[in-house]
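I have placed the structure first, in the form of structure tokens, so that the comments after it can refer back to it.
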Amino acid sequence: MAANEHKNLSSANRHNPKGFETATNNTVLSKDIGTSATGTDGNLEWKGKAYMGVTNYKMQGFTTGAANYYYGEDIADTKSPYEMALDYGNSAVASGSITVSNLFRIGQGCVIPETAAVTSISGWITSSGGYDVTIAICKATPTADDTTAIVPVVVDEITVAGLSNNNKMVRINETTITTAALAAGDIIFPMIKEATAGSTIYMNLAIQTTTF
């Protein structure tokens, strides 16, 4: 065997993989899908890390709009996890708190299993009214063996105008996230408020995260 085989070269004498110099930061080298029946003829490509380790969390529910934020019913309620009828008591997330028992039992609450970041919030809402509807995706960081009420943190707030018809959907496609970082054990959940109360509002969202 020749001493100058690639496997025997030191790091300083090895070249970077194809396309490395022009690839954007925070990407990884992969192989595209190709066209052959054997699935082996794909080309090398650099893909963003956001495409690796992606998880989607479904959040779906309905509420009657109010000036305060409302969040999902207790899992013991017969309309859980869809009905969002618990009054947060405030129109600003930072101004209120949720008891540990209420937080733990929100029907739409999703526990994050690993350190991650929210990369997008996508889906639809409908409203019987024509007023602004604001959805807050929130996170809460519980502490074991602690009864202190928890102040949620806004991951992102999205405001859209209702179309006065529950047969008309409003698209949500948010990729600029206010507070993207999530810790293992965090609970994420939605809250909804309306500029002028009284509309019947439905939402169906997917919250996408990627691991670090």
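Chain labels A, B, ... are given in the sequence in which chains occur in the structure tokens; within each chain residues are numbered consecutively from 1, and ligands are likewise numbered from 1 in the order shown.
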
Tell me which protein, DNA and RNA residues are within 12 Å of Ala144 of chain A, counting only C-alpha atoms, leaving out same-chain ones fewer than 4 positions away, and put them as a PyMOL selection string. chain A and resi 100+104+148+185-186

Export of prior selection with N, CA, C and O atoms as a PDB file, in the first residue's frame:
ATOM      1  N   VAL A 100     -49.276  25.420  38.739  1.00  0.00           N
ATOM      2  CA  VAL A 100     -48.616  24.206  38.265  1.00  0.00           C
ATOM      3  C   VAL A 100     -49.634  23.178  37.791  1.00  0.00           C
ATOM      4  O   VAL A 100     -49.480  22.560  36.732  1.00  0.00           O
ATOM      5  N   PHE A 104     -49.804  21.822  33.949  1.00  0.00           N
ATOM      6  CA  PHE A 104     -49.511  20.414  33.690  1.00  0.00           C
ATOM      7  C   PHE A 104     -50.642  19.726  32.956  1.00  0.00           C
ATOM      8  O   PHE A 104     -50.423  18.782  32.201  1.00  0.00           O
ATOM      9  N   THR A 148     -44.800  26.832  43.052  1.00  0.00           N
ATOM     10  CA  THR A 148     -44.875  28.226  42.619  1.00  0.00           C
ATOM     11  C   THR A 148     -45.510  28.337  41.230  1.00  0.00           C
ATOM     12  O   THR A 148     -45.120  27.614  40.308  1.00  0.00           O
ATOM     13  N   GLY A 185     -37.647  19.313  28.745  1.00  0.00           N
ATOM     14  CA  GLY A 185     -38.600  19.412  29.851  1.00  0.00           C
ATOM     15  C   GLY A 185     -39.520  20.613  29.768  1.00  0.00           C
ATOM     16  O   GLY A 185     -40.530  20.670  30.498  1.00  0.00           O
ATOM     17  N   ASP A 186     -39.213  21.591  28.923  1.00  0.00           N
ATOM     18  CA  ASP A 186     -40.122  22.722  28.726  1.00  0.00           C
ATOM     19  C   ASP A 186     -41.465  22.218  28.206  1.00  0.00           C
ATOM     20  O   ASP A 186     -41.542  21.207  27.491  1.00  0.00           O
TER      21      ASP A 186
END

If we count only C-alpha atoms, what is near Pro17 of chain A at a cut-off of 12 Å, once residues fewer than 2 positions away on the same chain are taken out, given as a PyMOL selection string? chain A and resi 14-15+19-23+28-30+44-46

Can you write just those residues out, all heavy atoms, as a compact mmCIF listing (two decimals), in the first residue's frame?
# COMPACT_ATOMS: atom_id res chain seq x y z
N ARG A 14 -5.24 17.14 3.87
CA ARG A 14 -6.49 16.65 3.31
C ARG A 14 -7.31 17.82 2.78
O ARG A 14 -7.36 18.89 3.40
CB ARG A 14 -7.30 15.90 4.37
CG ARG A 14 -6.69 14.56 4.76
CD ARG A 14 -7.49 13.91 5.87
NE ARG A 14 -6.95 12.62 6.24
CZ ARG A 14 -7.30 11.93 7.31
NH1 ARG A 14 -8.22 12.43 8.14
NH2 ARG A 14 -6.76 10.76 7.59
N HIS A 15 -7.96 17.62 1.65
CA HIS A 15 -8.79 18.69 1.10
C HIS A 15 -10.19 18.63 1.71
O HIS A 15 -10.65 17.60 2.19
CB HIS A 15 -8.88 18.58 -0.43
CG HIS A 15 -9.49 17.29 -0.89
ND1 HIS A 15 -10.85 17.05 -0.85
CD2 HIS A 15 -8.92 16.18 -1.42
CE1 HIS A 15 -11.11 15.86 -1.33
NE2 HIS A 15 -9.96 15.29 -1.68
N GLY A 19 -17.59 21.37 -2.71
CA GLY A 19 -18.57 22.41 -2.42
C GLY A 19 -18.41 23.09 -1.08
O GLY A 19 -19.18 23.98 -0.74
N PHE A 20 -17.39 22.70 -0.30
CA PHE A 20 -17.23 23.24 1.05
C PHE A 20 -17.05 24.76 1.05
O PHE A 20 -17.66 25.46 1.86
CB PHE A 20 -16.02 22.58 1.72
CG PHE A 20 -15.73 23.11 3.11
CD1 PHE A 20 -16.41 22.61 4.22
CD2 PHE A 20 -14.78 24.11 3.32
CE1 PHE A 20 -16.15 23.09 5.49
CE2 PHE A 20 -14.52 24.61 4.58
CZ PHE A 20 -15.21 24.09 5.67
N GLU A 21 -16.23 25.27 0.15
CA GLU A 21 -15.90 26.70 0.19
C GLU A 21 -17.12 27.59 -0.08
O GLU A 21 -17.23 28.69 0.47
CB GLU A 21 -14.80 27.02 -0.83
CG GLU A 21 -13.40 26.55 -0.42
CD GLU A 21 -13.22 25.03 -0.56
OE1 GLU A 21 -14.07 24.39 -1.25
OE2 GLU A 21 -12.26 24.49 0.00
N THR A 22 -18.04 27.13 -0.90
CA THR A 22 -19.20 27.96 -1.24
C THR A 22 -20.45 27.61 -0.43
O THR A 22 -21.46 28.30 -0.54
CB THR A 22 -19.54 27.82 -2.74
OG1 THR A 22 -19.74 26.43 -3.05
CG2 THR A 22 -18.39 28.36 -3.59
N ALA A 23 -20.37 26.55 0.37
CA ALA A 23 -21.53 26.18 1.19
C ALA A 23 -21.76 27.23 2.28
O ALA A 23 -20.82 27.78 2.83
CB ALA A 23 -21.31 24.81 1.83
N VAL A 28 -24.85 20.90 6.47
CA VAL A 28 -24.18 19.60 6.50
C VAL A 28 -24.22 18.98 5.11
O VAL A 28 -25.12 19.27 4.31
CB VAL A 28 -24.83 18.63 7.52
CG1 VAL A 28 -24.66 19.15 8.93
CG2 VAL A 28 -26.30 18.43 7.21
N LEU A 29 -23.23 18.14 4.81
CA LEU A 29 -23.14 17.51 3.50
C LEU A 29 -24.06 16.29 3.44
O LEU A 29 -24.05 15.43 4.31
CB LEU A 29 -21.69 17.08 3.22
CG LEU A 29 -21.40 16.52 1.83
CD1 LEU A 29 -21.75 17.52 0.74
CD2 LEU A 29 -19.93 16.11 1.72
N SER A 30 -24.86 16.21 2.38
CA SER A 30 -25.81 15.13 2.22
C SER A 30 -25.84 14.70 0.75
O SER A 30 -25.01 15.12 -0.05
CB SER A 30 -27.21 15.61 2.67
OG SER A 30 -28.14 14.57 2.61
N LEU A 44 -24.12 15.11 -4.37
CA LEU A 44 -23.82 15.74 -3.09
C LEU A 44 -24.49 17.11 -3.02
O LEU A 44 -24.55 17.85 -4.01
CB LEU A 44 -22.31 15.89 -2.91
CG LEU A 44 -21.50 14.60 -2.73
CD1 LEU A 44 -20.02 14.93 -2.63
CD2 LEU A 44 -21.95 13.85 -1.48
N GLU A 45 -25.00 17.45 -1.84
CA GLU A 45 -25.58 18.77 -1.63
C GLU A 45 -25.39 19.18 -0.17
O GLU A 45 -25.27 18.33 0.72
CB GLU A 45 -27.07 18.78 -1.98
CG GLU A 45 -27.92 17.87 -1.11
CD GLU A 45 -29.40 17.96 -1.41
OE1 GLU A 45 -29.79 18.84 -2.20
OE2 GLU A 45 -30.17 17.16 -0.86
N TRP A 46 -25.35 20.47 0.06
CA TRP A 46 -25.22 21.01 1.41
C TRP A 46 -26.59 21.48 1.86
O TRP A 46 -27.22 22.32 1.23
CB TRP A 46 -24.20 22.15 1.45
CG TRP A 46 -22.80 21.68 1.19
CD1 TRP A 46 -22.21 21.50 -0.03
CD2 TRP A 46 -21.85 21.30 2.16
NE1 TRP A 46 -20.94 21.03 0.12
CE2 TRP A 46 -20.67 20.90 1.46
CE3 TRP A 46 -21.85 21.25 3.55
CZ2 TRP A 46 -19.52 20.46 2.12
CZ3 TRP A 46 -20.69 20.82 4.21
CH2 TRP A 46 -19.56 20.43 3.49

Got a sec: who's within 8 Å of Ile135 of chain A, counting only C-alpha atoms, leaving out chain neighbours fewer than 2 positions off, as an MDAnalysis selection string? chainID A and resid 133 137 157:159 190:193

Name the residues in contact with Asn166 of chain A at a cut-off of 9 Å, using only C-alpha atoms, excluding same-chain residues fewer than 6 positions from it; report them as a compact mmCIF listing (two decimals) with N, CA, C and O atoms, in the first residue's frame.
# COMPACT_ATOMS: atom_id res chain seq x y z
N ILE A 125 -55.97 29.60 10.66
CA ILE A 125 -57.03 29.91 11.61
C ILE A 125 -58.27 30.32 10.82
O ILE A 125 -58.17 30.74 9.66
N THR A 126 -59.43 30.22 11.46
CA THR A 126 -60.66 30.82 10.93
C THR A 126 -61.31 31.59 12.07
O THR A 126 -61.11 31.28 13.25
N SER A 127 -62.09 32.61 11.70
CA SER A 127 -62.79 33.40 12.70
C SER A 127 -64.12 33.86 12.13
O SER A 127 -64.21 34.25 10.96
N SER A 128 -65.16 33.82 12.96
CA SER A 128 -66.47 34.30 12.54
C SER A 128 -66.54 35.83 12.52
O SER A 128 -67.49 36.41 12.01
N GLY A 129 -65.51 36.47 13.09
CA GLY A 129 -65.45 37.93 13.12
C GLY A 129 -64.34 38.46 12.25
O GLY A 129 -63.48 37.72 11.78
N THR A 200 -66.08 33.34 17.10
CA THR A 200 -65.73 31.94 17.25
C THR A 200 -64.49 31.68 16.42
O THR A 200 -64.49 31.92 15.20
N ILE A 201 -63.42 31.23 17.07
CA ILE A 201 -62.11 31.12 16.44
C ILE A 201 -61.64 29.67 16.49
O ILE A 201 -61.73 29.02 17.54
N TYR A 202 -61.13 29.19 15.38
CA TYR A 202 -60.54 27.85 15.30
C TYR A 202 -59.10 27.99 14.81
O TYR A 202 -58.80 28.84 13.96

Can you pull out every residue within 12 Å of Asp77 of chain A, counting only C-alpha atoms, but drop anything in the same chain fewer than 5 positions away, and send it as a list in words? Gly72, Tyr82, Glu83, Met84, Ala85, Leu86, Asn102, Arg105, Ile106 and Gly107 of chain A

Which one of A:Asn204, A:Asn56, A:Thr134, A:Ser164 sits closest to Ala117 of chain A if you count only C-alpha atoms? A:Asn56

Using only C-alpha atoms for the distances, tell me which of A:Tyr131, A:Thr147, A:Gly89, A:Thr175 is nearest to Leu163 of chain A. A:Tyr131

Per DSSP on the backbone, filter segment 3-209 of chain A down to the residues in helix (DSSP H, G or I) and report them as a ChimeraX atom specification. /A:6-8,11-13,49-51,93-95,100-104

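Here the question is which of A:Thr99, A:Ser91, A:Thr176, A:Gln60 gets nearest to Trp124 of chain A using only C-alpha atoms, and that residue is A:Gln60.
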
Report, in Å to a single decimal, how far apart atom CA of Met52 of chain A and atom CA of Ile207 of chain A are.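 If I compute the distance from atom CA of Ile207 of chain A to atom CA of Met52 of chain A, I get 15.3 Å.
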
Kindly assemble as a tab-separated table a list of the segment 78-121 of chain A residues that lie within 8 Å of segment 65-69 of chain A, each paired with its nearest atom pair and their distance in Å to one decimal, using only C-alpha atoms, sorted first by chain and then by ascending residue number.
residue	atom	partner	partner_atom	distance
A:Asp87	CA	A:Tyr69	CA	6.4
A:Tyr88	CA	A:Tyr69	CA	5.4
A:Gly89	CA	A:Asn68	CA	5.9
A:Asn90	CA	A:Asn68	CA	4.9
A:Ser91	CA	A:Asn68	CA	4.2
A:Ala92	CA	A:Tyr69	CA	7.5
A:Val93	CA	A:Tyr69	CA	7.7

C-alpha atoms of the current selection, written as a PDB file, in the first residue's frame:
ATOM      1  CA  ASP A  87     -59.050  32.770  31.169  1.00  0.00           C
ATOM      2  CA  TYR A  88     -55.391  33.698  31.662  1.00  0.00           C
ATOM      3  CA  GLY A  89     -56.560  36.925  33.313  1.00  0.00           C
ATOM      4  CA  ASN A  90     -54.275  39.158  31.256  1.00  0.00           C
ATOM      5  CA  SER A  91     -53.834  40.353  27.695  1.00  0.00           C
ATOM      6  CA  ALA A  92     -50.015  40.217  28.040  1.00  0.00           C
ATOM      7  CA  VAL A  93     -48.310  36.888  28.682  1.00  0.00           C
TER       8      VAL A  93
END

Thr210 of chain A surroundings by only C-alpha atoms, 7 Å radius, close-in-sequence under 5 positions cut, as a list in words: Ala50, Met52, Gly53, Val54, Thr55, Ala116, Ala117, Val118 and Thr119 of chain A

Please produce a file of the residues just selected, as a PDB file, in the first residue's frame, where the atoms kept are C-alpha atoms.
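Dumped everything to again.pdb:
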ATOM      1  CA  ALA A  50     -32.726  22.932  10.282  1.00  0.00           C
ATOM      2  CA  MET A  52     -31.929  17.521  10.422  1.00  0.00           C
ATOM      3  CA  GLY A  53     -33.596  16.293  13.594  1.00  0.00           C
ATOM      4  CA  VAL A  54     -36.886  18.073  12.849  1.00  0.00           C
ATOM      5  CA  THR A  55     -39.930  17.513  15.084  1.00  0.00           C
ATOM      6  CA  ALA A 116     -34.167  22.375  20.615  1.00  0.00           C
ATOM      7  CA  ALA A 117     -35.150  25.549  18.790  1.00  0.00           C
ATOM      8  CA  VAL A 118     -38.445  26.546  17.185  1.00  0.00           C
ATOM      9  CA  THR A 119     -37.838  27.139  13.488  1.00  0.00           C
TER      10      THR A 119
END
